[in-house]
$ cat work_6.txt   # compact mmCIF, C-alpha atoms
# COMPACT_ATOMS: atom_id res chain seq x y z
CA MET A 1 82.80 116.69 69.85
CA ASN A 2 79.14 116.95 68.95
CA ARG A 3 78.41 113.27 68.60
CA HIS A 4 78.37 110.24 70.90
CA LEU A 5 81.55 108.21 71.28
CA THR A 6 81.57 104.97 69.32
CA GLY A 7 81.81 101.69 71.22
CA GLU A 8 85.43 101.34 70.18
CA GLU A 9 86.25 104.90 71.29
CA ARG A 10 84.74 104.19 74.71
CA GLU A 11 86.74 100.98 75.05
CA ARG A 12 89.96 102.77 74.04
CA TRP A 13 89.27 105.53 76.56
CA ALA A 14 88.58 103.01 79.35
CA ASP A 15 91.83 101.23 78.47
CA GLY A 16 93.79 104.49 78.58
CA GLU A 17 94.45 104.12 74.86
CA ALA A 18 92.50 107.07 73.48
CA GLY A 19 95.75 108.74 72.36
CA PRO A 20 95.52 112.28 70.99
CA GLU A 21 91.71 112.17 71.13
CA SER A 22 91.79 111.53 74.86
CA ALA A 23 91.13 115.14 75.91
CA GLU A 24 88.27 115.46 73.45
CA ALA A 25 86.76 112.17 74.61
CA GLU A 26 87.01 113.22 78.25
CA GLN A 27 85.41 116.56 77.49
CA HIS A 28 82.52 114.72 75.85
CA LEU A 29 82.22 112.24 78.74
CA ARG A 30 81.85 115.13 81.17
CA GLN A 31 78.88 116.42 79.22
CA CYS A 32 77.16 113.25 78.03
CA ALA A 33 75.51 111.05 80.64
CA ARG A 34 74.89 108.27 78.15
CA CYS A 35 78.50 107.90 77.04
CA ALA A 36 79.76 108.43 80.60
CA SER A 37 77.61 105.62 81.93
CA GLU A 38 78.75 103.32 79.10
CA ALA A 39 82.38 104.17 79.77
CA LEU A 40 81.90 103.60 83.49
CA ARG A 41 80.38 100.21 82.71
CA ILE A 42 83.52 99.24 80.78
CA VAL A 43 85.78 100.44 83.58
CA GLN A 44 83.77 98.44 86.12
CA MET A 45 83.92 95.38 83.93
CA LYS A 46 87.69 95.71 83.48
CA ARG A 47 88.07 95.95 87.23
CA ALA A 48 85.82 92.93 87.82
CA ILE A 49 87.78 90.90 85.26
CA HIS A 50 91.07 91.91 86.81
CA ASP A 51 89.90 91.01 90.30
CA ALA A 52 88.37 87.70 89.23
CA MET A 53 91.30 86.52 87.16
CA SER A 54 94.38 87.82 88.96
CA GLU A 55 94.07 85.85 92.17
CA GLU A 56 96.23 82.95 91.08
CA THR A 57 99.93 83.34 91.71
CA GLY A 58 102.82 81.10 90.77
CA PRO A 59 103.68 78.37 93.28
CA LEU A 60 106.53 79.18 95.64
CA ALA A 61 108.27 75.91 94.80
CA LEU A 62 108.33 76.90 91.13
CA ARG A 63 109.64 80.34 91.98
CA GLU A 64 112.48 78.72 93.90
CA ARG A 65 113.15 76.26 91.07
CA VAL A 66 113.40 79.09 88.56
CA ARG A 67 115.72 81.02 90.86
CA ARG A 68 117.95 77.96 91.29
CA GLN A 69 117.82 77.35 87.55
CA MET A 70 118.94 80.91 86.85
CA ARG A 71 121.77 80.57 89.36
CA GLY A 72 122.75 77.12 88.10
CA GLY A 73 122.57 78.21 84.50
CA ARG A 74 124.83 81.11 85.31
CA ARG A 75 127.60 78.85 86.60
CA ARG A 76 127.65 76.80 83.44
CA LEU A 77 127.35 79.72 81.08
CA PRO A 78 130.26 81.70 79.66
CA VAL A 79 131.26 85.10 81.00
CA TRP A 80 129.29 87.08 78.41
CA SER A 81 126.10 85.48 79.62
CA LEU A 82 126.73 86.79 83.13
CA ALA A 83 126.62 90.25 81.64
CA ALA A 84 123.47 89.29 79.77
CA ALA A 85 121.86 88.00 82.98
CA ALA A 86 122.71 91.24 84.74
CA ALA A 87 121.27 93.16 81.81
CA VAL A 88 118.09 91.04 81.94
CA ALA A 89 117.75 91.82 85.64
CA LEU A 90 118.30 95.53 85.01
CA VAL A 91 115.76 95.64 82.21
CA LEU A 92 113.28 93.65 84.28
CA ILE A 93 113.68 96.10 87.12
CA SER A 94 113.54 99.21 84.96
CA VAL A 95 110.65 97.97 82.82
CA TRP A 96 108.66 96.25 85.49
CA PHE A 97 108.67 98.66 88.36
CA PRO A 98 107.56 101.82 86.60
CA THR A 99 104.73 100.02 84.78
CA ARG A 100 103.50 97.96 87.66
CA SER A 101 100.60 99.41 89.54
CA ARG A 102 101.86 100.69 92.86
CA SER A 103 100.77 98.92 96.01
CA ALA A 104 98.11 100.79 97.94
CA LEU A 105 99.38 99.50 101.28
CA PRO A 106 101.97 102.26 101.80
CA GLU A 107 99.25 104.85 101.09
CA LEU A 108 96.94 103.21 103.60
CA ALA A 109 99.82 103.15 106.08
CA ASP A 110 100.21 106.89 105.49
CA MET A 111 96.49 107.38 106.11
CA HIS A 112 96.83 105.38 109.34
CA VAL A 113 99.63 107.64 110.56
CA THR A 114 97.87 110.83 109.45
CA LEU A 115 94.62 109.85 111.13
CA LEU A 116 96.37 108.92 114.37
CA ALA A 117 98.19 112.24 114.32
CA SER A 118 94.98 114.22 113.89
CA ALA A 119 93.11 115.71 116.81
CA ASN A 120 90.03 113.67 115.93
CA PRO A 121 91.02 110.35 114.42
CA VAL A 122 87.45 109.06 114.69
CA ASP A 123 84.05 110.71 114.32
CA VAL A 124 82.16 108.21 116.43
CA ILE A 125 83.94 107.49 119.71
CA SER A 126 82.75 104.32 121.32
CA THR A 127 83.95 100.92 122.47
CA ASP A 128 80.49 99.52 121.82
CA ARG A 129 80.07 97.92 118.43
CA HIS A 130 76.31 98.43 118.73
CA THR A 131 76.99 102.15 118.70
CA VAL A 132 79.68 102.23 116.03
CA LYS A 133 78.01 99.88 113.55
CA PRO A 134 74.71 101.82 113.32
CA TRP A 135 76.63 105.09 113.06
CA PHE A 136 77.75 104.01 109.58
CA GLU A 137 74.16 103.46 108.44
CA GLY A 138 73.23 106.11 105.92
CA ARG A 139 76.85 107.16 105.65
CA LEU A 140 78.03 104.10 103.72
CA PRO A 141 76.27 101.99 101.09
CA PHE A 142 77.11 98.79 102.99
CA THR A 143 76.94 97.40 106.50
CA VAL A 144 80.19 97.31 108.42
CA PRO A 145 80.58 94.04 110.32
CA ILE A 146 82.27 94.54 113.67
CA PRO A 147 82.98 91.50 115.86
CA ASP A 148 82.61 91.39 119.62
CA LEU A 149 86.09 92.25 120.88
CA SER A 150 85.21 92.26 124.59
CA SER A 151 86.84 88.90 125.33
CA THR A 152 89.94 89.61 123.24
CA ALA A 153 93.12 91.64 123.67
CA PHE A 154 91.70 94.23 121.29
CA ARG A 155 89.27 97.02 121.96
CA LEU A 156 87.14 99.04 119.62
CA MET A 157 87.81 102.78 119.89
CA GLY A 158 85.59 104.24 117.19
CA GLY A 159 85.21 104.83 113.50
CA ARG A 160 84.79 107.31 110.71
CA VAL A 161 84.19 107.47 106.98
CA VAL A 162 87.27 107.79 104.78
CA TYR A 163 87.54 108.08 101.02
CA TRP A 164 89.50 106.00 98.58
CA ASN A 165 89.44 107.11 94.95
CA ALA A 166 86.50 109.34 95.86
CA ASN A 167 84.51 106.34 97.15
CA PRO A 168 83.48 106.09 100.78
CA ALA A 169 84.95 103.35 102.96
CA ALA A 170 84.78 102.55 106.66
CA TYR A 171 87.62 103.23 109.03
CA LEU A 172 87.75 101.55 112.42
CA LEU A 173 90.24 102.35 115.13
CA ILE A 174 91.21 99.38 117.25
CA GLY A 175 93.41 99.48 120.33
CA LYS A 176 95.75 96.81 121.70
CA GLY A 177 97.55 97.97 124.81
CA ALA A 178 99.15 101.27 123.89
CA HIS A 179 99.13 100.41 120.19
CA ARG A 180 96.60 101.55 117.64
CA ILE A 181 95.49 99.55 114.64
CA SER A 182 93.54 100.94 111.69
CA VAL A 183 91.08 98.71 109.88
CA PHE A 184 89.88 100.00 106.50
CA VAL A 185 86.76 98.35 105.09
CA PHE A 186 86.05 98.65 101.34
CA ARG A 187 83.45 97.15 99.08
CA ASP A 188 85.37 94.55 97.03
CA GLU A 189 84.78 96.25 93.72
CA LEU A 190 85.96 99.61 95.01
CA ALA A 191 88.89 98.32 97.05
CA PRO A 192 92.46 99.21 96.08
CA ARG A 193 93.60 96.81 93.39
CA ASN A 194 97.16 96.16 94.43
CA LEU A 195 97.41 95.17 98.07
CA ARG A 196 100.56 93.12 97.92
CA GLU A 197 103.73 94.86 99.08
CA SER A 198 103.63 95.99 102.68
CA PRO A 199 105.46 99.15 103.70
CA ALA A 200 108.77 98.37 105.39
CA THR A 201 107.94 100.02 108.70
CA MET A 202 104.38 98.83 109.23
CA SER A 203 102.54 95.53 109.52
CA THR A 204 99.55 94.99 107.27
CA ASP A 205 97.02 92.25 106.75
CA VAL A 206 94.37 91.96 104.05
CA TRP A 207 91.34 89.69 103.97
CA ARG A 208 88.07 89.47 102.11
CA SER A 209 84.72 88.43 103.42
CA GLY A 210 81.10 88.96 102.41
CA GLY A 211 81.89 91.19 99.45
CA LEU A 212 84.11 93.43 101.57
CA THR A 213 87.86 93.88 101.64
CA PHE A 214 89.47 94.53 105.01
CA VAL A 215 92.92 96.06 105.37
CA ALA A 216 94.49 96.21 108.84
CA VAL A 217 97.48 98.47 109.38
CA GLY A 218 99.53 99.08 112.51
CA GLN A 219 102.95 99.29 114.05
CA VAL A 220 102.39 95.98 115.82
CA PRO A 221 103.76 92.48 115.20
CA ARG A 222 102.17 90.86 112.20
CA GLU A 223 100.78 88.11 114.47
CA ASP A 224 98.62 90.71 116.21
CA LEU A 225 96.96 91.58 112.92
CA GLU A 226 96.48 87.90 112.18
CA ALA A 227 94.83 87.48 115.57
CA LEU A 228 92.58 90.45 114.85
CA ARG A 229 91.69 88.97 111.48
CA ALA A 230 90.85 85.63 113.15
CA THR A 231 88.48 87.50 115.47
CA TRP A 232 86.85 89.13 112.48
CA GLU A 233 86.52 85.84 110.73
CA GLY A 234 84.94 84.32 113.81
CA ARG A 235 87.76 81.85 114.40
CA MET B 236 110.98 87.76 90.82
CA PRO B 237 109.48 90.27 88.38
CA LEU B 238 106.90 89.01 85.89
CA PHE B 239 106.79 85.63 87.62
CA ASP B 240 103.11 85.61 88.62
CA SER B 241 102.04 87.16 85.32
CA LEU B 242 103.96 84.61 83.28
CA TYR B 243 102.63 81.77 85.40
CA ARG B 244 99.01 82.93 85.01
CA TYR B 245 99.44 83.30 81.28
CA ALA B 246 100.99 79.82 81.07
CA ARG B 247 98.05 78.40 83.04
CA TRP B 248 95.54 79.99 80.66
CA LEU B 249 97.39 78.71 77.65
CA ALA B 250 98.16 75.21 78.85
CA GLY B 251 95.38 74.65 81.34
CA ASP B 252 97.49 72.07 83.07
CA ARG B 253 99.41 73.15 86.16
CA ALA B 254 102.48 70.96 85.58
CA GLU B 255 102.78 72.07 81.97
CA ALA B 256 102.40 75.70 83.00
CA GLU B 257 105.28 75.30 85.42
CA ASP B 258 107.47 73.79 82.68
CA LEU B 259 106.58 76.68 80.39
CA VAL B 260 107.56 79.28 82.96
CA GLN B 261 110.89 77.58 83.61
CA GLU B 262 111.55 77.32 79.89
CA THR B 263 110.66 80.98 79.40
CA TYR B 264 113.14 82.24 81.97
CA LEU B 265 115.85 79.98 80.60
CA LYS B 266 115.20 81.13 77.03
CA GLY B 267 114.99 84.73 78.18
CA LEU B 268 118.41 84.41 79.77
CA ARG B 269 119.98 82.56 76.89
CA GLY B 270 118.36 84.59 74.15
CA TYR B 271 119.01 87.96 75.67
CA ALA B 272 121.55 88.68 72.93
CA SER B 273 118.66 88.61 70.45
CA PHE B 274 116.63 91.10 72.45
CA ALA B 275 116.61 94.28 70.41
CA ALA B 276 117.05 97.46 72.43
CA GLY B 277 113.92 99.57 72.33
CA THR B 278 111.68 96.52 72.10
CA ASN B 279 109.25 96.05 74.91
CA PHE B 280 110.76 93.60 77.38
CA ARG B 281 107.50 92.44 78.93
CA ALA B 282 106.00 91.73 75.53
CA TRP B 283 109.23 89.92 74.60
CA MET B 284 109.03 87.59 77.63
CA PHE B 285 105.32 86.89 77.07
CA ARG B 286 106.10 86.14 73.47
CA ILE B 287 108.82 83.66 74.41
CA LEU B 288 106.31 81.90 76.64
CA ARG B 289 103.65 81.88 73.96
CA ASN B 290 106.08 80.47 71.38
CA ALA B 291 107.23 77.85 73.87
CA PHE B 292 103.59 76.83 74.33
CA LEU B 293 102.83 76.77 70.59
CA THR B 294 105.74 74.42 69.97
CA SER B 295 104.83 72.18 72.91
CA ARG B 296 102.70 69.08 72.45
CA SER B 297 99.53 70.70 73.81
CA GLY B 298 100.35 73.88 71.93
CA LEU B 299 100.48 72.03 68.65
CA ARG B 300 97.07 70.58 69.42
CA ALA B 301 95.80 74.07 70.26
CA VAL B 302 97.17 75.73 67.13
CA PRO B 303 93.89 75.96 65.19
CA PRO B 304 91.91 77.93 67.80
CA LEU B 305 94.89 80.12 68.63
CA SER B 306 96.05 80.94 65.16
CA LEU B 307 92.88 80.87 63.09
CA ASP B 308 91.73 84.32 62.28
CA ASP B 309 88.63 84.47 64.39
CA GLU B 310 87.86 88.11 63.70
CA PRO B 311 84.30 89.27 64.12
CA ALA B 312 82.25 88.56 61.06
CA ALA B 313 80.81 91.77 59.67
CA GLN B 314 77.30 90.40 59.50
CA GLU B 315 77.35 88.99 63.02
CA HIS B 316 75.74 91.19 65.61
CA LEU B 317 75.59 90.17 69.19
CA VAL B 318 72.85 91.81 71.12
CA ASP B 319 74.30 93.51 74.13
CA GLU B 320 71.92 92.41 76.78
CA ALA B 321 73.61 94.18 79.63
CA THR B 322 71.16 95.23 82.30
CA PRO B 323 71.68 96.58 85.79
CA GLU B 324 71.30 92.96 86.86
CA THR B 325 74.15 91.94 84.56
CA GLU B 326 76.35 94.61 86.07
CA LEU B 327 75.49 93.41 89.55
CA MET B 328 76.31 89.86 88.52
CA LEU B 329 79.62 91.02 87.07
CA ARG B 330 80.60 92.51 90.36
CA ALA B 331 79.09 89.98 92.69
CA ASN B 332 79.81 86.64 91.13
CA ARG B 333 83.39 86.01 90.23
CA ASP B 334 82.71 82.41 89.32
CA SER B 335 80.20 83.40 86.62
CA LEU B 336 82.65 85.90 85.28
CA ARG B 337 85.47 83.36 85.25
CA ARG B 338 83.26 80.83 83.47
CA ALA B 339 82.24 83.40 80.86
CA ILE B 340 85.89 84.27 80.21
CA GLU B 341 86.96 80.64 80.07
CA GLN B 342 84.32 79.95 77.46
CA LEU B 343 85.57 82.71 75.17
CA PRO B 344 87.30 81.61 71.96
CA ALA B 345 91.05 81.59 72.58
CA VAL B 346 91.84 84.63 70.41
CA PHE B 347 89.42 86.80 72.37
CA ARG B 348 90.29 85.39 75.77
CA GLU B 349 93.97 86.02 75.15
CA VAL B 350 93.70 89.76 74.43
CA LEU B 351 91.20 90.26 77.23
CA LEU B 352 93.47 88.66 79.82
CA LEU B 353 96.60 90.38 78.54
CA SER B 354 94.85 93.74 78.66
CA ASP B 355 92.64 93.58 81.72
CA VAL B 356 94.58 91.26 83.98
CA GLU B 357 98.21 91.76 82.99
CA ASN B 358 97.72 95.43 82.07
CA LEU B 359 99.62 95.16 78.79
CA SER B 360 99.05 98.09 76.45
CA TYR B 361 97.51 97.64 73.00
CA LYS B 362 100.98 98.17 71.53
CA GLU B 363 102.53 95.51 73.73
CA ILE B 364 99.79 93.02 72.88
CA ALA B 365 100.11 93.83 69.17
CA GLU B 366 103.89 93.29 69.31
CA MET B 367 103.49 90.08 71.22
CA LEU B 368 100.85 88.53 69.00
CA SER B 369 102.18 90.08 65.77
CA ILE B 370 98.81 91.60 64.93
CA PRO B 371 97.84 95.20 64.13
CA ILE B 372 96.74 97.45 67.00
CA GLY B 373 93.34 97.80 65.35
CA THR B 374 92.89 94.05 65.62
CA VAL B 375 93.74 94.17 69.31
CA THR B 376 91.05 96.82 69.80
CA SER B 377 88.39 94.96 67.86
CA ARG B 378 89.15 91.67 69.64
CA LEU B 379 88.89 93.41 73.01
CA VAL B 380 85.57 95.00 72.11
CA ARG B 381 84.24 91.64 70.99
CA ALA B 382 85.63 89.81 73.99
CA ARG B 383 83.93 92.14 76.48
CA GLU B 384 80.71 92.04 74.52
CA LYS B 385 80.74 88.24 74.55
CA VAL B 386 81.38 88.17 78.30
CA ARG B 387 78.43 90.48 78.92
CA VAL B 388 76.17 88.42 76.71
CA ALA B 389 77.29 85.17 78.39
CA ILE B 390 76.56 86.60 81.83
CA ALA B 391 73.20 87.96 80.72
CA GLY B 392 72.41 84.50 79.30
CA GLY B 393 73.37 82.91 82.62
CA ILE B 394 71.04 85.25 84.48
CA MET B 395 68.18 84.46 82.14
CA ARG B 396 68.76 80.70 82.49
CA GLU B 397 68.82 81.01 86.27
CA SER B 398 65.64 83.05 86.38
CA SER B 399 63.70 80.76 84.02
$ encode --input "work_6.txt" --output "structure tokens"
Amino acid sequence: MNRHLTGEERERWADGEAGPESAEAEQHLRQCARCASEALRIVQMKRAIHDAMSEETGPLALRERVRRQMRGGRRRLPVWSLAAAAAVALVLISVWFPTRSRSALPELADMHVTLLASANPVDVISTDRHTVKPWFEGRLPFTVPIPDLSSTAFRLMGGRVVYWNANPAAYLLIGKGAHRISVFVFRDELAPRNLRESPATMSTDVWRSGGLTFVAVGQVPREDLEALRATWEGR
Amino acid sequence: MPLFDSLYRYARWLAGDRAEAEDLVQETYLKGLRGYASFAAGTNFRAWMFRILRNAFLTSRSGLRAVPPLSLDDEPAAQEHLVDEATPETELMLRANRDSLRRAIEQLPAVFREVLLLSDVENLSYKEIAEMLSIPIGTVTSRLVRAREKVRVAIAGGIMRESS
């Protein structure tokens, strides 16, 4: 392609809708800084819109009401509708799950396990936050807030830089007794988008503060992570 | 319950009112269950459920009041050119200030807001949106382009007002 992408072509590419021209568009984006920066701008905007507008979830009471309604409706409905309800559920499951963006929490749990299994889980080994925090300076484009854990059940053990979607993020290793907890710190706009479903075998907690997204992962009771979060939030 | 949060958010954007949104979601699931026989195999199920909700809204009291902005063809006029005033500052604002972004989106004309939210928040494909709204895919694309452009311009305008 020896011309710039049109605005509409850039939007379609950013939306994953470039179709057969996708390869050609990508080839052009690799060579053209102008189009690449425009396309990146659209991607960033899409992400910002998603993050800003997807926070609201349906009330639990409504969810329960709908569930009851479906169950109640089923009792009053004829037999054929039971089959229809089952078919609806099957279609919902088969359509919804493959298209839904996968939760990043299981991947972060995998990273937690992999890092703990490695010979050097952290690059800066220190229980002193005044050592660990400055270590990130120049390595990350943001400051990593680390609370004073000295009067808590937790202890700082060190940190390192990890990468998520090729973007740097902070990794902090926290100890509680014999347990180890990983805290990943992302800039909000570069944080994983879907942080909802926890892996079955691991506790997770997610919170946001000061433009940063924190994800705590560990094989500890969920309350421990909530206590750690409270420490972080200064409560 | 699959689709629940997405349907609720969509109902909130359409109706605005929380109680009405809840009624719409309940009605949608009920109609989805009862009308499953009319669901044609091969049709997109997500788009079908969103469409049920949208139709339920359009036939509701507030939906009837909202019909003109939702159904009028508010396509971009050929002679109208918005100046894209995106600057690095705009981009920073986009990322840093969710409230400004929300306000800009809420101020969009309904036809633009709808495709933007269905695409960027609910991750529906152009084809799904086209099926749901009964419009050509090309119209989905052009509305999306316009919607994003308008959001950028609104945010740039907000920055200029704040700095003046």
$ interface_residues --input "work_6.txt" --of "chain B" --to "chain A" --cutoff "6 Å" --atoms "all atoms listed in the file" --output "list in words"
Asp240, Tyr243, Gln261, Leu268, Arg330, Arg333, Asp355 and Val356 of chain B
$ residues_near_point --input "work_6.txt" --point "(88.4, 86.2, 107.3)" --cutoff "7 Å" --atoms "only C-alpha atoms" --output "compact mmCIF listing (two decimals) with C-alpha atoms, keeping the file's coordinate frame"
# COMPACT_ATOMS: atom_id res chain seq x y z
CA TRP A 207 91.34 89.69 103.97
CA ARG A 208 88.07 89.47 102.11
CA SER A 209 84.72 88.43 103.42
CA ARG A 229 91.69 88.97 111.48
CA ALA A 230 90.85 85.63 113.15
CA TRP A 232 86.85 89.13 112.48
CA GLU A 233 86.52 85.84 110.73
$ closest_residue --input "work_6.txt" --among "A:Leu60, A:Leu29, A:Leu108, A:Val183" --to "Met236 in chain B" --atoms "only C-alpha atoms"
A:Leu60
$ atom_distance --input "work_6.txt" --atom1 "CA of Thr152 in chain A" --atom2 "CA of Arg196 in chain A"
27.7 Å
$ atom_distance --input "work_6.txt" --atom1 "CA of Glu363 in chain B" --atom2 "CA of Arg281 in chain B"
7.8 Å
$ residues_around --input "work_6.txt" --residues "Asn167 in chain A" --least-positions-apart "2" --cutoff "10 Å" --atoms "all atoms listed in the file" --output "VMD selection string"
chain A and resid 140 161 to 165 169 186 to 187 190 to 191
$ atom_distance --input "work_6.txt" --atom1 "CA of Phe214 in chain A" --atom2 "CA of Ser335 in chain B"
23.4 Å
